[in-house]
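Q: I am sharing work_34.cif, which consists of mmCIF, C-alpha atoms:
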data_query
#
loop_
_atom_site.label_atom_id
_atom_site.label_comp_id
_atom_site.auth_asym_id
_atom_site.auth_seq_id
_atom_site.Cartn_x
_atom_site.Cartn_y
_atom_site.Cartn_z
CA MET A 1 -32.47 21.52 -11.68
CA GLY A 2 -29.64 22.36 -14.10
CA ARG A 3 -26.13 21.07 -14.13
CA SER A 4 -23.44 22.89 -12.19
CA PRO A 5 -21.06 24.88 -14.38
CA ALA A 6 -17.54 23.51 -14.66
CA ARG A 7 -14.63 25.64 -13.51
CA PHE A 8 -12.10 23.76 -15.67
CA ARG A 9 -12.46 21.47 -18.68
CA ILE A 10 -9.72 19.22 -20.02
CA SER A 11 -10.14 17.57 -23.41
CA ILE A 12 -7.70 15.00 -24.79
CA LYS A 13 -8.07 13.17 -28.10
CA ASP A 14 -5.94 10.33 -29.44
CA LYS A 15 -5.71 11.13 -33.15
CA ARG A 16 -4.52 7.60 -33.98
CA THR A 17 -7.44 5.73 -32.41
CA GLY A 18 -10.03 8.51 -32.30
CA LYS A 19 -10.69 7.95 -28.58
CA ALA A 20 -11.48 11.13 -26.67
CA LEU A 21 -11.65 11.99 -23.00
CA LYS A 22 -13.29 15.12 -21.62
CA VAL A 23 -12.95 15.86 -17.90
CA GLU A 24 -14.83 18.72 -16.25
CA LEU A 25 -13.96 19.96 -12.75
CA ILE A 26 -16.68 21.53 -10.60
CA ASP A 27 -15.80 23.36 -7.36
CA ALA A 28 -16.40 21.27 -4.22
CA PRO A 29 -14.32 22.68 -1.32
CA GLY A 30 -12.94 20.09 1.09
CA LEU A 31 -13.65 19.93 4.82
CA TRP A 32 -10.28 21.41 5.82
CA GLY A 33 -10.12 24.09 3.14
CA GLU A 34 -8.27 22.08 0.52
CA ARG A 35 -9.22 22.67 -3.11
CA ARG A 36 -11.28 19.69 -4.27
CA PHE A 37 -13.38 19.26 -7.39
CA ARG A 38 -16.35 17.08 -8.30
CA LEU A 39 -15.68 15.33 -11.58
CA ARG A 40 -17.66 14.86 -14.76
CA GLN A 41 -16.15 12.53 -17.35
CA ASN A 42 -17.51 12.63 -20.91
CA GLY A 43 -20.63 14.38 -19.58
CA LYS A 44 -21.36 11.80 -16.85
CA GLU A 45 -20.38 11.38 -13.23
CA PRO A 46 -17.58 8.77 -13.03
CA GLU A 47 -18.30 5.53 -11.16
CA LEU A 48 -15.02 5.17 -9.24
CA VAL A 49 -13.76 8.64 -8.29
CA LYS A 50 -16.40 11.28 -7.50
CA GLU A 51 -14.08 14.01 -6.12
CA ALA A 52 -10.38 14.76 -6.48
CA THR A 53 -7.72 17.45 -6.18
CA LEU A 54 -5.97 18.84 -9.26
CA THR A 55 -2.91 16.75 -8.41
CA GLU A 56 -4.99 13.57 -8.34
CA VAL A 57 -6.71 14.45 -11.62
CA PHE A 58 -3.43 15.10 -13.46
CA ASP A 59 -1.87 11.95 -11.99
CA ARG A 60 -4.78 9.85 -13.31
CA LEU A 61 -4.60 11.58 -16.73
CA ARG A 62 -0.86 10.90 -16.95
CA LYS A 63 -1.41 7.21 -16.10
CA TRP A 64 -4.21 6.99 -18.69
CA LEU A 65 -1.98 8.53 -21.37
CA VAL A 66 0.93 6.20 -20.58
CA LYS A 67 -1.40 3.20 -20.67
CA GLN A 68 -2.65 4.23 -24.16
CA GLU A 69 0.84 4.12 -25.65
CA PRO A 70 1.72 0.60 -26.92
#
What is this structure when it is put down as structure tokens?
A:
Amino acid sequence: MGRSPARFRISIKDKRTGKALKVELIDAPGLWGERRFRLRQNGKEPELVKEATLTEVFDRLRKWLVKQEP
């Protein structure tokens, strides 16, 4: 069985440290019609958060970026 195609892909690279993060979002509609996505992080399913909305994904990315800045 092949991998599901991603609807969106977000790639962020820190040029100073060389660390990269690639997040792929795969459609997974919620029970009440909300737009939810299964996540794939750097080609693997993440351990903590398996599904999220776009708002949750961007909130986590923003927190990750702020944490990277010294």
Q: For the PyMOL selection byres ((chain A and resi 22) around 6), applied here, can you spell out every residue it catches as number ranges by chain?
A: A: 10-11, 21, 23, 41-42
Q: Provide the atom CA of A:Arg3 to atom CA of A:Glu51 distance in Å, to one decimal place.
A: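 So the answer is 16.1 Å.
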Q: Grab the atom CA of A:Arg9 to atom CA of A:Trp32 distance for me, in Å with one decimal place.
A: 24.6 Å
Q: May I ask which of the residues A:Lys44, A:Arg38, A:Arg60, A:Glu69 is the closest one to A:Asp14, counting all atoms listed in the file?
A: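 Nearest to A:Asp14: A:Glu69.
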Q: Enumerate, as a ChimeraX atom specification, the residues matched when the PyMOL selection byres ((chain A and resi 26) around 7) is run on the file above.
A: /A:5-7,24-25,27-28,37-39
Q: What gap, in Å, lies between atom CA of A:Pro46 and atom CA of A:Leu61?
A: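 One can read the atom CA of A:Pro46 to atom CA of A:Leu61 distance as 13.8 Å.
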Q: Residue by residue, what does the PyMOL selection byres ((chain A and resi 65) around 12) grab here? Present the result as a PyMOL selection string.
A: chain A and resi 12-14+19-21+58-64+66-70
